[in-house]
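> After the structure tokens below, expect a handful of questions from me.
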Amino acid sequence: MTVTASFEQFSKKRGGRFAVQELTFDVQAGRVVGLIGPNGAGKSTALAGLTGLVEPTSGRATVFGTDYRSLRRPATKVGVNLDGMDIEPGLTGLRHLQICQLAAGAERQAVDQILEQVDLAAEAKKKVRDYSLGMRQRLGIASALIGRPQLLVLDEPANGLDPEGIQWLRRFLRDFAASGGSALVSSHQLMELEQVADEVVILKQRTLFQGTLKEAKALGGGSLESAYFKILDRAR
Ligand SMILES: Nc1ncnc2c1ncn2[C@@H]1O[C@H](COP(=O)(O)OP(=O)(O)OP(=O)(O)O)[C@@H](O)[C@H]1O
């Protein structure tokens, strides 16, 4: 199995205390891994560490066996959409994606293909300020896809999506994994994650659980949500 992302004893102190402590797990090709935990658990910090936006205090987080920052054309390997990666509201969706395409060194035709893929072709010439939250979310995913990466790192991708959008995201992630891609996805939407993840990591500064979705659900009598609350309760 090919490991596409790896945390090895990854720890990060923020504001004098550990936001994440000794996080260790791998993401393998063809797998969707869900990263869950309460607000402030360190999920965004872990994803930022993986994508070179924060330096670990100790340990490592790597993609394809190396630091994200040392990848030559990172967007062709790893597609990233994190919280706070705001899109300039005065640009059209099309223009935003063209800029991403140039920055990624991707082919020009990728822009139209990916707009189709995320169902935004009809709204591509609208300004981002006139997009709904769900449309902005899909544009963010489009930006992550522009370099045709093999690994996706997505922070709360289901936020703001309507039921159709959620269904689209689920199908998209399953197809992406079926074609050999992998994804590390943080989410608060446990019911949603239950539909899409192969593996689950529950984080609250430290790892409280890691295993397959099946193992997690078994702990909660068949429900990821019940397992999640049980595991958090035990850790109190
Ligand atoms: N730039 C920062 N400076 C100082 N502390 C920070 C910073 N960013 C995050 N933190 C702290 O690190 C901890 C983890 O935050 P983080 O955003 O990684 O959690 P999260 O699991 O993504 O939360 P949420 O689900 O609310 O998005 C929190 O205690 C937070 O206050």
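Residue names in the structure tokens use chain letters A, B, ... in the order shown, residue numbers from 1 in each chain, and ligand numbers from 1 in the order shown.
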Please list as a VMD selection string every residue within 9 Å of stretch 22-24 of chain A, counting only C-alpha atoms and excluding residues in the same chain fewer than 6 positions away.

chain A and resid 6 to 12 46 58 to 59 61 203 205 to 207

> Can you check which parts of chain A lie within 8 Å of ligand 1? Per residue, the shortest pair of atoms and distance in Å to one decimal, counting only C-alpha atoms and all ligand atoms, sorted by chain and number, as a tab-separated table.


residue	atom	partner	partner_atom_place_in_ligand_line	distance
A:Lys13	CA	ligand 1	12 (O)	7.7
A:Arg14	CA	ligand 1	5 (N)	4.3
A:Gly15	CA	ligand 1	4 (C)	4.4
A:Arg17	CA	ligand 1	29 (O)	7.8
A:Phe18	CA	ligand 1	12 (O)	7.3
A:Ala19	CA	ligand 1	13 (C)	4.2
A:Val20	CA	ligand 1	14 (C)	7.0
A:Ile36	CA	ligand 1	21 (O)	7.7
A:Gly37	CA	ligand 1	21 (O)	6.0
A:Pro38	CA	ligand 1	25 (O)	5.6
A:Asn39	CA	ligand 1	26 (O)	3.4
A:Gly40	CA	ligand 1	19 (O)	3.4
A:Ala41	CA	ligand 1	21 (O)	3.7
A:Gly42	CA	ligand 1	18 (O)	3.3
A:Lys43	CA	ligand 1	21 (O)	3.8
A:Ser44	CA	ligand 1	22 (O)	3.6
A:Thr45	CA	ligand 1	18 (O)	3.7
A:Ala46	CA	ligand 1	18 (O)	6.5
A:Asp83	CA	ligand 1	27 (O)	7.9
A:Ser187	CA	ligand 1	25 (O)	7.9
A:His188	CA	ligand 1	25 (O)	7.2
A:Leu203	CA	ligand 1	21 (O)	7.8
A:Lys204	CA	ligand 1	21 (O)	7.5
A:Gln205	CA	ligand 1	14 (C)	7.4

> Looking at only C-alpha atoms, which of A:Glu225, A:Gln150, A:Arg31, A:Pro74 is the one that sits closest to A:Gly52?

A:Pro74

> Could you name the residues that touch A:Arg170 at 8 Å or less, counting only C-alpha atoms, but leaving out those on the same chain fewer than 3 positions away, as an MDAnalysis selection string?

chainID A and resid 166:167 173:174 192 195:196

> Restricting the calculation to only C-alpha atoms: of A:Pro157, A:Pro149, A:Pro89, A:Gly165, which residue gets closest to A:Val128?

A:Pro89

> Suppose you want the space between atom CA of A:Val32 and atom CA of A:Val200; what is it in Å?

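Computed distance, atom CA of A:Val32 to atom CA of A:Val200, equals 8.7 Å.
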
> From a backbone DSSP assignment, name each residue in stretch 33-113 of chain A labelled strand (DSSP E or B), as number ranges by chain.

A: 33-36, 58-63, 66, 78-81, 92

> I need the helix (DSSP H, G or I) residues of stretch 12-182 of chain A per DSSP on the backbone, written as JSON, numbers by chain.

{"A": [43, 44, 45, 46, 47, 48, 49, 50, 68, 69, 70, 74, 75, 76, 93, 94, 95, 96, 97, 98, 99, 100, 101, 102, 103, 104, 109, 110, 111, 112, 113, 114, 115, 116, 117, 121, 122, 123, 128, 129, 130, 133, 134, 135, 136, 137, 138, 139, 140, 141, 142, 143, 144, 145, 163, 164, 165, 166, 167, 168, 169, 170, 171, 172, 173, 174, 175, 176, 177, 178]}

> Restrict the selected residues to C-alpha atoms and save them as a compact mmCIF listing (two decimals), in the first residue's frame.


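Saved to again.txt:
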# COMPACT_ATOMS: atom_id res chain seq x y z
CA LYS A 43 -7.79 19.28 13.47
CA SER A 44 -6.97 22.46 11.51
CA THR A 45 -3.55 22.62 13.16
CA ALA A 46 -2.83 19.06 12.02
CA LEU A 47 -3.92 19.81 8.44
CA ALA A 48 -1.89 23.04 8.45
CA GLY A 49 1.12 21.05 9.67
CA LEU A 50 0.70 18.52 6.86
CA TYR A 68 5.02 19.51 1.62
CA ARG A 69 7.25 22.56 1.24
CA SER A 70 9.89 20.61 -0.62
CA PRO A 74 2.80 20.79 -4.85
CA ALA A 75 -0.64 21.35 -6.40
CA THR A 76 -0.05 18.46 -8.82
CA GLY A 93 -15.24 31.84 -10.14
CA LEU A 94 -13.68 31.34 -13.57
CA ARG A 95 -10.97 33.95 -12.98
CA HIS A 96 -10.19 32.56 -9.55
CA LEU A 97 -9.74 29.10 -11.00
CA GLN A 98 -7.62 30.42 -13.89
CA ILE A 99 -5.28 32.02 -11.33
CA CYS A 100 -5.10 28.71 -9.43
CA GLN A 101 -4.36 26.92 -12.70
CA LEU A 102 -1.47 29.27 -13.50
CA ALA A 103 -0.10 29.06 -9.95
CA ALA A 104 -0.33 25.26 -10.04
CA GLN A 109 -8.23 22.93 -20.16
CA ALA A 110 -8.30 21.76 -16.54
CA VAL A 111 -10.27 24.93 -15.68
CA ASP A 112 -13.35 24.08 -17.74
CA GLN A 113 -13.18 20.41 -16.92
CA ILE A 114 -13.05 21.05 -13.19
CA LEU A 115 -15.81 23.66 -13.30
CA GLU A 116 -17.95 20.92 -14.87
CA GLN A 117 -16.78 18.39 -12.32
CA ALA A 121 -19.88 25.69 -15.12
CA ALA A 122 -23.15 27.63 -15.35
CA GLU A 123 -22.09 30.09 -12.61
CA VAL A 128 -17.62 35.04 -5.99
CA ARG A 129 -19.35 37.63 -3.77
CA ASP A 130 -22.61 36.53 -5.38
CA LEU A 133 -21.78 29.33 0.76
CA GLY A 134 -22.18 25.95 -0.93
CA MET A 135 -20.96 27.35 -4.26
CA ARG A 136 -17.94 28.87 -2.56
CA GLN A 137 -17.24 25.54 -0.92
CA ARG A 138 -17.36 23.80 -4.33
CA LEU A 139 -15.09 26.46 -5.80
CA GLY A 140 -12.64 25.78 -2.96
CA ILE A 141 -12.70 22.09 -3.82
CA ALA A 142 -12.22 23.00 -7.50
CA SER A 143 -9.09 25.00 -6.56
CA ALA A 144 -7.76 21.93 -4.74
CA LEU A 145 -8.42 19.77 -7.80
CA PRO A 163 -28.35 17.89 0.60
CA GLU A 164 -27.63 17.74 -3.13
CA GLY A 165 -24.17 19.23 -2.58
CA ILE A 166 -23.49 16.74 0.19
CA GLN A 167 -24.53 13.89 -2.06
CA TRP A 168 -22.27 15.27 -4.77
CA LEU A 169 -19.32 15.50 -2.34
CA ARG A 170 -19.90 11.95 -1.10
CA ARG A 171 -19.97 10.55 -4.62
CA PHE A 172 -17.01 12.66 -5.63
CA LEU A 173 -14.85 11.47 -2.70
CA ARG A 174 -15.84 7.82 -3.23
CA ASP A 175 -15.02 8.05 -6.97
CA PHE A 176 -11.76 9.84 -6.19
CA ALA A 177 -10.73 7.05 -3.80
CA ALA A 178 -11.94 4.32 -6.18

> Using only C-alpha atoms, pick whichever of A:Glu88, A:Gly34, A:Ala106, A:Asp26 has the shortest atom-to-atom distance to A:Ile202.

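Looking only at the distances to A:Ile202, the closest residue turns out to be A:Gly34.
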
> One decimal, Å: what's the distance from atom CA of A:Thr4 over to atom CA of A:Ser182, could you say?

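Separation of atom CA of A:Thr4 and atom CA of A:Ser182: 7.3 Å.
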
> With only C-alpha atoms as the atoms that count, which of A:Gly181, A:Thr92, A:Gly65, A:Tyr228 lies nearest to A:Leu193?

A:Tyr228

> For stretch 213-215 of chain A, list every protein, DNA or RNA residue within 8 Å, evaluated using only C-alpha atoms, and leave out those in the same chain fewer than 5 positions away; present the list as a PyMOL selection string.

chain A and resi 194+197-200+224

> Export N, CA and C atoms of the chosen residues as a PDB file, in the first residue's frame?


ATOM      1  N   GLU A 194     -19.703   9.072   8.037  1.00  0.00           N
ATOM      2  CA  GLU A 194     -20.015   7.655   8.093  1.00  0.00           C
ATOM      3  C   GLU A 194     -20.282   7.081   6.695  1.00  0.00           C
ATOM      4  N   ALA A 197     -16.076   7.758   4.816  1.00  0.00           N
ATOM      5  CA  ALA A 197     -14.721   7.467   5.302  1.00  0.00           C
ATOM      6  C   ALA A 197     -14.446   5.963   5.336  1.00  0.00           C
ATOM      7  N   ASP A 198     -13.213   5.600   5.047  1.00  0.00           N
ATOM      8  CA  ASP A 198     -12.767   4.223   5.243  1.00  0.00           C
ATOM      9  C   ASP A 198     -12.172   4.079   6.636  1.00  0.00           C
ATOM     10  N   GLU A 199     -11.536   5.169   7.061  1.00  0.00           N
ATOM     11  CA  GLU A 199     -10.874   5.154   8.356  1.00  0.00           C
ATOM     12  C   GLU A 199     -11.192   6.433   9.105  1.00  0.00           C
ATOM     13  N   VAL A 200     -11.054   6.370  10.425  1.00  0.00           N
ATOM     14  CA  VAL A 200     -11.426   7.502  11.260  1.00  0.00           C
ATOM     15  C   VAL A 200     -10.334   7.748  12.296  1.00  0.00           C
ATOM     16  N   LEU A 224     -21.425   5.712  14.188  1.00  0.00           N
ATOM     17  CA  LEU A 224     -20.192   6.486  14.415  1.00  0.00           C
ATOM     18  C   LEU A 224     -20.441   7.572  15.457  1.00  0.00           C
TER      19      LEU A 224
END

> Between A:Gln189, A:Ser179, A:Lys126, A:Gly222, which residue has the minimum interatomic distance to A:Gly160, considering only C-alpha atoms?

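Looking only at the distances to A:Gly160, the closest residue turns out to be A:Gln189.
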
> Using only C-alpha atoms, which of the listed residues (A:Gly105, A:Ala227, A:Gly180, A:Asp233) sits closest to A:Arg72?

A:Gly105

> I'd like the interatomic distance between atom CA of A:Leu71 and atom CA of A:Ala29, to a tenth of an Å.

18.0 Å
